[in-house]
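Here is the file entry-v8.cif (mmCIF, C-alpha atoms and all ligand atoms).
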data_protein
loop_
_atom_site.label_atom_id
_atom_site.label_comp_id
_atom_site.auth_asym_id
_atom_site.auth_seq_id
_atom_site.Cartn_x
_atom_site.Cartn_y
_atom_site.Cartn_z
CA MET A 1 -11.97 -14.80 -2.41
CA LYS A 2 -14.22 -15.14 -5.44
CA LYS A 3 -11.97 -15.67 -8.45
CA LEU A 4 -11.21 -18.15 -11.20
CA SER A 5 -8.96 -21.00 -10.17
CA LEU A 6 -6.35 -21.29 -12.91
CA ALA A 7 -2.90 -20.79 -11.42
CA ASN A 8 -1.02 -23.48 -9.52
CA LEU A 9 -1.21 -21.95 -6.06
CA PRO A 10 0.35 -21.52 -3.61
CA THR A 11 3.60 -21.11 -5.49
CA LYS A 12 6.64 -22.53 -3.79
CA ILE A 13 8.94 -20.39 -1.64
CA ARG A 14 12.50 -21.63 -1.71
CA LYS A 15 15.68 -20.45 -0.03
CA MET A 16 18.45 -19.42 -2.39
CA GLU A 17 21.23 -21.02 -0.37
CA ARG A 18 24.27 -20.01 -2.38
CA LEU A 19 23.14 -16.42 -2.97
CA SER A 20 22.25 -16.12 0.71
CA SER A 21 25.70 -17.21 1.84
CA LEU A 22 27.39 -15.06 -0.80
CA LEU A 23 25.51 -11.95 0.40
CA ASN A 24 25.42 -13.00 4.05
CA SER A 25 21.67 -12.60 4.13
CA ASN A 26 18.63 -14.90 4.05
CA ILE A 27 17.20 -14.63 0.55
CA TYR A 28 14.16 -16.57 -0.61
CA ILE A 29 12.39 -16.69 -3.94
CA LYS A 30 8.66 -17.12 -4.46
CA HIS A 31 8.15 -19.09 -7.63
CA ASP A 32 5.42 -17.19 -9.43
CA ASP A 33 7.18 -18.33 -12.60
CA GLN A 34 5.59 -21.72 -11.88
CA THR A 35 1.93 -20.75 -11.91
CA GLY A 36 1.31 -22.96 -14.96
CA SER A 37 2.93 -23.69 -18.31
CA GLU A 38 0.43 -21.97 -20.61
CA TRP A 39 -0.16 -18.94 -18.37
CA SER A 40 3.10 -19.00 -16.44
CA GLY A 41 4.22 -15.91 -14.57
CA ASN A 42 2.63 -13.32 -12.37
CA LYS A 43 -0.12 -12.06 -14.68
CA ILE A 44 -2.38 -15.07 -14.18
CA ARG A 45 -3.01 -14.07 -10.55
CA LYS A 46 -4.50 -10.81 -11.80
CA LEU A 47 -6.32 -12.48 -14.70
CA GLU A 48 -8.06 -14.83 -12.27
CA PHE A 49 -9.95 -11.78 -11.07
CA SER A 50 -10.31 -9.75 -14.27
CA VAL A 51 -11.43 -12.64 -16.45
CA ARG A 52 -13.93 -13.67 -13.80
CA GLU A 53 -15.38 -10.18 -14.18
CA ALA A 54 -15.34 -10.56 -17.98
CA LEU A 55 -17.21 -13.87 -17.77
CA GLU A 56 -19.72 -12.40 -15.32
CA LYS A 57 -20.35 -9.65 -17.86
CA ASP A 58 -21.00 -12.36 -20.43
CA SER A 59 -18.03 -11.32 -22.53
CA ASP A 60 -16.93 -13.60 -25.37
CA LEU A 61 -13.75 -11.77 -26.34
CA LEU A 62 -10.70 -10.57 -24.39
CA ILE A 63 -8.66 -7.67 -25.75
CA THR A 64 -5.32 -6.72 -24.24
CA CYS A 65 -1.97 -5.15 -25.08
CA GLY A 66 1.76 -5.45 -24.52
CA GLY A 67 5.14 -5.78 -26.23
CA ILE A 68 5.58 -8.21 -29.10
CA GLN A 69 6.88 -10.88 -26.70
CA SER A 70 4.50 -10.00 -23.87
CA ASN A 71 3.98 -12.79 -21.34
CA HIS A 72 0.83 -11.02 -20.23
CA CYS A 73 -0.67 -11.10 -23.74
CA ARG A 74 0.17 -14.78 -24.11
CA ALA A 75 -1.36 -15.57 -20.73
CA THR A 76 -4.53 -13.61 -21.58
CA VAL A 77 -4.85 -15.37 -24.94
CA ALA A 78 -4.37 -18.74 -23.18
CA VAL A 79 -7.10 -17.96 -20.63
CA ALA A 80 -9.47 -16.80 -23.40
CA THR A 81 -8.80 -20.01 -25.31
CA TYR A 82 -9.38 -22.10 -22.18
CA TYR A 83 -12.83 -20.54 -21.74
CA GLY A 84 -13.70 -20.78 -25.45
CA MET A 85 -13.52 -17.02 -25.86
CA LYS A 86 -11.94 -15.16 -28.74
CA SER A 87 -8.90 -12.99 -28.09
CA ALA A 88 -7.28 -9.97 -29.69
CA VAL A 89 -3.93 -8.41 -28.81
CA LEU A 90 -2.45 -5.01 -29.53
CA LEU A 91 1.29 -5.60 -29.84
CA ARG A 92 3.96 -2.90 -29.71
CA ILE A 93 6.65 -3.31 -32.39
CA SER A 94 9.52 -1.31 -33.80
CA GLU A 95 10.04 -3.50 -36.86
CA GLN A 96 8.30 -6.41 -38.60
CA PRO A 97 8.69 -9.22 -36.02
CA PRO A 98 9.65 -12.83 -36.76
CA LEU A 99 6.89 -15.33 -35.91
CA GLU A 100 8.42 -16.72 -32.72
CA GLY A 101 8.07 -16.96 -28.94
CA ASN A 102 4.95 -15.53 -27.33
CA TYR A 103 3.89 -13.84 -30.57
CA PHE A 104 3.88 -17.28 -32.22
CA LEU A 105 1.87 -18.71 -29.30
CA ASP A 106 -0.64 -15.83 -29.53
CA LYS A 107 -1.20 -16.66 -33.20
CA LEU A 108 -1.23 -20.42 -32.56
CA MET A 109 -4.02 -19.94 -30.00
CA GLY A 110 -6.01 -17.96 -32.55
CA ALA A 111 -5.61 -14.38 -31.34
CA ASP A 112 -6.30 -11.51 -33.71
CA VAL A 113 -3.18 -9.39 -33.76
CA ARG A 114 -2.95 -5.65 -34.33
CA PHE A 115 0.44 -3.95 -34.32
CA CYS A 116 1.26 -0.43 -33.20
CA THR A 117 4.39 1.68 -32.91
CA ASN A 118 6.08 2.51 -29.61
CA ASP A 119 4.64 6.04 -29.73
CA GLU A 120 1.11 4.84 -30.46
CA TYR A 121 1.42 2.36 -27.62
CA ARG A 122 2.66 4.95 -25.16
CA ASN A 123 0.11 7.62 -26.05
CA ASN A 124 -2.96 5.88 -27.45
CA ARG A 125 -3.12 2.22 -26.46
CA GLN A 126 -6.40 2.60 -24.59
CA GLU A 127 -8.06 4.41 -27.51
CA ILE A 128 -6.81 1.81 -29.97
CA MET A 129 -8.19 -1.01 -27.82
CA GLU A 130 -11.50 0.87 -27.53
CA GLU A 131 -11.50 1.17 -31.32
CA MET A 132 -10.88 -2.58 -31.62
CA ALA A 133 -13.69 -3.23 -29.12
CA ALA A 134 -16.10 -1.03 -31.10
CA LYS A 135 -15.31 -2.98 -34.28
CA TYR A 136 -15.97 -6.32 -32.53
CA ARG A 137 -19.20 -4.98 -30.99
CA LYS A 138 -20.43 -4.19 -34.51
CA GLU A 139 -19.77 -7.84 -35.37
CA GLY A 140 -22.01 -8.90 -32.47
CA ARG A 141 -19.25 -9.74 -30.01
CA LYS A 142 -19.01 -8.73 -26.35
CA PRO A 143 -15.45 -7.54 -25.84
CA TYR A 144 -13.79 -7.00 -22.46
CA ILE A 145 -10.60 -4.94 -22.32
CA VAL A 146 -7.87 -6.13 -19.97
CA PRO A 147 -5.38 -3.26 -19.50
CA GLU A 148 -1.62 -3.69 -19.81
CA GLY A 149 -0.44 -6.33 -17.35
CA ALA A 150 -4.04 -6.70 -16.05
CA SER A 151 -3.01 -3.92 -13.70
CA ASN A 152 -6.20 -2.19 -12.69
CA GLY A 153 -8.49 -2.18 -9.67
CA VAL A 154 -9.79 -5.70 -10.14
CA GLY A 155 -6.39 -7.13 -11.14
CA VAL A 156 -4.74 -5.75 -8.00
CA LEU A 157 -6.71 -8.36 -6.03
CA GLY A 158 -4.42 -11.04 -7.44
CA TYR A 159 -1.45 -9.68 -5.53
CA TYR A 160 -3.53 -8.70 -2.53
CA ASN A 161 -4.15 -12.43 -2.34
CA ALA A 162 -0.50 -13.27 -3.00
CA MET A 163 0.58 -11.18 0.00
CA ASN A 164 -1.81 -13.12 2.22
CA GLU A 165 -0.47 -16.33 0.68
CA ILE A 166 3.11 -15.33 1.60
CA VAL A 167 2.09 -14.67 5.21
CA GLU A 168 0.35 -18.07 5.39
CA GLN A 169 3.47 -19.76 4.00
CA GLU A 170 5.65 -18.02 6.55
CA LYS A 171 3.82 -19.94 9.26
CA GLU A 172 4.58 -23.26 7.56
CA LEU A 173 8.19 -22.27 6.90
CA GLY A 174 8.73 -20.90 10.40
CA ILE A 175 10.13 -17.61 9.13
CA LYS A 176 9.03 -14.01 8.79
CA PHE A 177 10.15 -11.97 5.80
CA ASP A 178 11.01 -8.38 6.63
CA THR A 179 11.43 -7.20 3.04
CA ILE A 180 9.76 -8.24 -0.20
CA VAL A 181 11.36 -7.12 -3.46
CA VAL A 182 9.34 -7.32 -6.65
CA ALA A 183 9.73 -6.26 -10.28
CA THR A 184 7.40 -3.42 -11.22
CA GLY A 185 6.31 -3.11 -14.85
CA SER A 186 2.63 -2.24 -14.97
CA GLY A 187 2.25 -1.79 -11.20
CA GLY A 188 -0.42 -4.32 -10.23
CA THR A 189 1.95 -6.67 -8.42
CA CYS A 190 3.52 -3.96 -6.29
CA SER A 191 0.20 -2.24 -5.64
CA GLY A 192 -1.59 -5.44 -4.56
CA LEU A 193 1.19 -6.52 -2.18
CA ASN A 194 1.20 -3.08 -0.58
CA ILE A 195 -2.58 -2.81 -0.30
CA ALA A 196 -2.72 -6.11 1.61
CA ASN A 197 0.29 -5.08 3.70
CA ILE A 198 -1.50 -1.86 4.70
CA ILE A 199 -4.98 -3.31 5.20
CA LYS A 200 -3.81 -6.34 7.17
CA GLY A 201 -1.16 -4.37 9.06
CA TYR A 202 1.60 -6.84 8.19
CA GLY A 203 4.22 -4.09 8.51
CA ARG A 204 6.60 -5.50 5.93
CA ARG A 205 8.83 -3.41 3.70
CA ILE A 206 7.89 -3.89 0.05
CA ILE A 207 10.20 -2.54 -2.62
CA GLY A 208 9.05 -2.33 -6.22
CA MET A 209 12.00 -2.32 -8.61
CA ALA A 210 10.98 -0.19 -11.58
CA VAL A 211 11.77 -1.91 -14.87
CA CYS A 212 11.15 1.34 -16.80
CA ASP A 213 9.99 4.94 -16.22
CA ASP A 214 10.66 6.57 -12.84
CA VAL A 215 9.72 6.49 -9.17
CA ASP A 216 7.02 9.17 -9.42
CA TYR A 217 5.36 7.41 -12.37
CA PHE A 218 5.09 4.07 -10.55
CA GLN A 219 4.05 5.57 -7.23
CA SER A 220 1.20 7.34 -9.06
CA ILE A 221 0.16 4.15 -10.88
CA CYS A 222 0.31 2.00 -7.71
CA LEU A 223 -1.73 4.54 -5.78
CA LYS A 224 -4.31 4.96 -8.55
CA ILE A 225 -4.98 1.27 -9.06
CA GLY A 226 -4.71 0.62 -5.32
CA ILE A 227 -7.56 3.07 -4.75
CA GLU A 228 -9.47 1.51 -7.66
CA SER A 229 -9.15 -1.89 -5.96
CA LEU A 230 -11.00 -0.76 -2.81
CA PRO A 231 -14.59 -1.21 -4.10
CA TYR A 232 -13.60 -4.70 -5.27
CA LEU A 233 -12.26 -5.49 -1.81
CA VAL A 234 -15.55 -4.33 -0.34
CA GLU A 235 -17.44 -6.53 -2.80
CA GLN A 236 -15.23 -9.47 -1.82
CA GLY A 237 -16.00 -8.87 1.87
CA GLU A 238 -12.37 -8.09 2.71
CA ILE A 239 -13.02 -4.56 4.00
CA SER A 240 -16.04 -2.50 4.99
CA GLU A 241 -17.31 0.43 2.97
CA SER A 242 -16.20 2.84 5.68
CA THR A 243 -12.65 1.41 5.64
CA ALA A 244 -12.60 1.76 1.87
CA LYS A 245 -13.71 5.39 2.11
CA GLU A 246 -11.08 6.15 4.73
CA LEU A 247 -8.31 4.42 2.74
CA ALA A 248 -9.30 6.28 -0.42
CA HIS A 249 -8.47 9.49 1.45
CA THR A 250 -5.43 8.37 3.43
CA LEU A 251 -3.48 6.26 0.91
CA LYS A 252 -0.63 8.25 -0.59
CA LYS A 253 2.10 7.86 -3.17
CA SER A 254 4.80 7.42 -0.53
CA ASP A 255 2.99 4.28 0.73
CA PHE A 256 4.48 2.58 -2.33
CA GLU A 257 8.27 2.28 -2.17
CA ILE A 258 9.79 2.20 -5.62
CA ASP A 259 13.47 1.95 -6.47
C1 LIG A 301 7.91 -12.21 -12.43
C2 LIG A 301 7.42 -10.80 -12.59
N1 LIG A 301 7.18 -10.10 -11.47
C3 LIG A 301 6.72 -8.85 -11.56
C4 LIG A 301 6.49 -8.25 -12.79
C5 LIG A 301 5.92 -6.88 -12.82
O1 LIG A 301 4.56 -6.99 -12.64
P1 LIG A 301 3.58 -5.81 -12.90
O2 LIG A 301 3.37 -5.75 -14.37
O3 LIG A 301 2.35 -6.19 -12.14
O4 LIG A 301 4.21 -4.56 -12.38
C6 LIG A 301 6.74 -8.92 -13.95
C7 LIG A 301 6.51 -8.22 -15.21
O5 LIG A 301 6.35 -8.75 -16.24
C8 LIG A 301 7.19 -10.24 -13.87
O6 LIG A 301 7.40 -10.96 -14.97
#
Using structure tokens, write down the structure that the file contains.
Amino acid sequence: MKKLSLANLPTKIRKMERLSSLLNSNIYIKHDDQTGSEWSGNKIRKLEFSVREALEKDSDLLITCGGIQSNHCRATVAVATYYGMKSAVLLRISEQPPLEGNYFLDKLMGADVRFCTNDEYRNNRQEIMEEMAAKYRKEGRKPYIVPEGASNGVGVLGYYNAMNEIVEQEKELGIKFDTIVVATGSGGTCSGLNIANIIKGYGRRIIGMAVCDDVDYFQSICLKIGIESLPYLVEQGEISESTAKELAHTLKKSDFEID
């Protein structure tokens, strides 16, 4: 697929021997923590698609948001820096934070930082980022807003790809996973895995473990961004327009299992 090539892929799949014998089950881990040191973690798979779109739109500034220690913000700032772009992050805080961890790295890599309260983040983060973008536009910049966790239609393609990667690796490993369990924070990971599972007919059970909010919230998010991903999958030549139209009508919240 057309995307940036930043993450170390494919990430390793390793059997967790002791946990497997303890639980009398075959448990494997896919090491998406090892996608790279500066943009480690799962977000880079989504950023490979969204930042490609930003670069195609001639953007010179990435704006995103997250908690004060957000891995996603740090990864986005790192990618912006790599491409010589400017970056700005909207960080959620409850008190004045010490300059450490990912917040320190954001600053070290030159990101502009704007703080907001938990309530502002929950209710108005998109408006605040739009406001930031408008200010940068006035300064002659071309901002591109990456939503929380890069979880939107274009970002979903990162985990659509990851699902295909898992199935390829199964062949090499000589195994077939029946269940995939994944953390669900902003929804893009869970949505992308499911969209590939449905489109390719892999028939696996995918369980998104909600790290916050509730089942209904995440099923709605996964469905929304899953549907938003369909035009991008058409553009990438993965599905036809008629398949996309049909899926847009048939996909439903219960297609996304959340626990
Ligand atoms: C390793 C890992 N997997 C999954 C997730 C959740 O991803 P998403 O934000 O796409 O729901 C996170 C969230 O930060 C994560 O760190």
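We find CA of Arg137 (chain A) and CA of Gly84 (chain A) to be spaced 17.6 Å apart.
Among all protein and nucleic acid residues, the ones that lie within 7 Å of ligand LIG 301 (chain A) when counting only C-alpha atoms and all ligand atoms are A:Asp32, A:Asp33, A:Gly41, A:Asn42, A:Lys43, A:Asn71, A:Gly149, A:Ser151, A:Val182, A:Ala183, A:Thr184, A:Gly185, A:Ser186, A:Gly187, A:Gly188, A:Thr189, A:Cys190.
Using all atoms listed in the file, the smallest distance between any of A:Leu157, A:Leu247, A:Val79, A:Val181 and Gly208 (chain A) comes from A:Val181.
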Residues near Lys107 (chain A), anyone? I mean within 12 Å using only C-alpha atoms, not counting same-chain ones fewer than 6 positions away, as a ChimeraX atom specification.
/A:68-69,73-74,77-78,81,86-89,91,99-101,113-114
For the residues in the current selection, export C-alpha atoms as an mmCIF file, in the coordinates of the input.
data_model
loop_
_atom_site.group_PDB
_atom_site.id
_atom_site.type_symbol
_atom_site.label_atom_id
_atom_site.label_comp_id
_atom_site.auth_asym_id
_atom_site.auth_seq_id
_atom_site.Cartn_x
_atom_site.Cartn_y
_atom_site.Cartn_z
ATOM 1 C CA ILE A 68 5.580 -8.210 -29.100
ATOM 2 C CA GLN A 69 6.880 -10.880 -26.700
ATOM 3 C CA CYS A 73 -0.670 -11.100 -23.740
ATOM 4 C CA ARG A 74 0.170 -14.780 -24.110
ATOM 5 C CA VAL A 77 -4.850 -15.370 -24.940
ATOM 6 C CA ALA A 78 -4.370 -18.740 -23.180
ATOM 7 C CA THR A 81 -8.800 -20.010 -25.310
ATOM 8 C CA LYS A 86 -11.940 -15.160 -28.740
ATOM 9 C CA SER A 87 -8.900 -12.990 -28.090
ATOM 10 C CA ALA A 88 -7.280 -9.970 -29.690
ATOM 11 C CA VAL A 89 -3.930 -8.410 -28.810
ATOM 12 C CA LEU A 91 1.290 -5.600 -29.840
ATOM 13 C CA LEU A 99 6.890 -15.330 -35.910
ATOM 14 C CA GLU A 100 8.420 -16.720 -32.720
ATOM 15 C CA GLY A 101 8.070 -16.960 -28.940
ATOM 16 C CA VAL A 113 -3.180 -9.390 -33.760
ATOM 17 C CA ARG A 114 -2.950 -5.650 -34.330
#
Separation of CA of Met163 (chain A) from CA of Asn197 (chain A) in Å:
7.1 Å
For Asp58 (chain A), find every residue with an atom within 10 Å (counting all atoms listed in the file), except residues of its own chain fewer than 5 positions away, and show them as a list in words.
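That gives Arg52, Glu53, Lys142, Pro143 and Tyr144 of chain A.
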Compare A:Leu61, A:Tyr217, A:Val156, A:Arg141 by their minimum atom-to-atom distance to Gly110 (chain A), counting all atoms listed in the file, and give me the closest one.
A:Leu61
For Asn102 (chain A), which residue out of A:Ile63, A:Ala75, A:Val154, A:Ile29 is the nearest one, using all atoms listed in the file?
A:Ala75
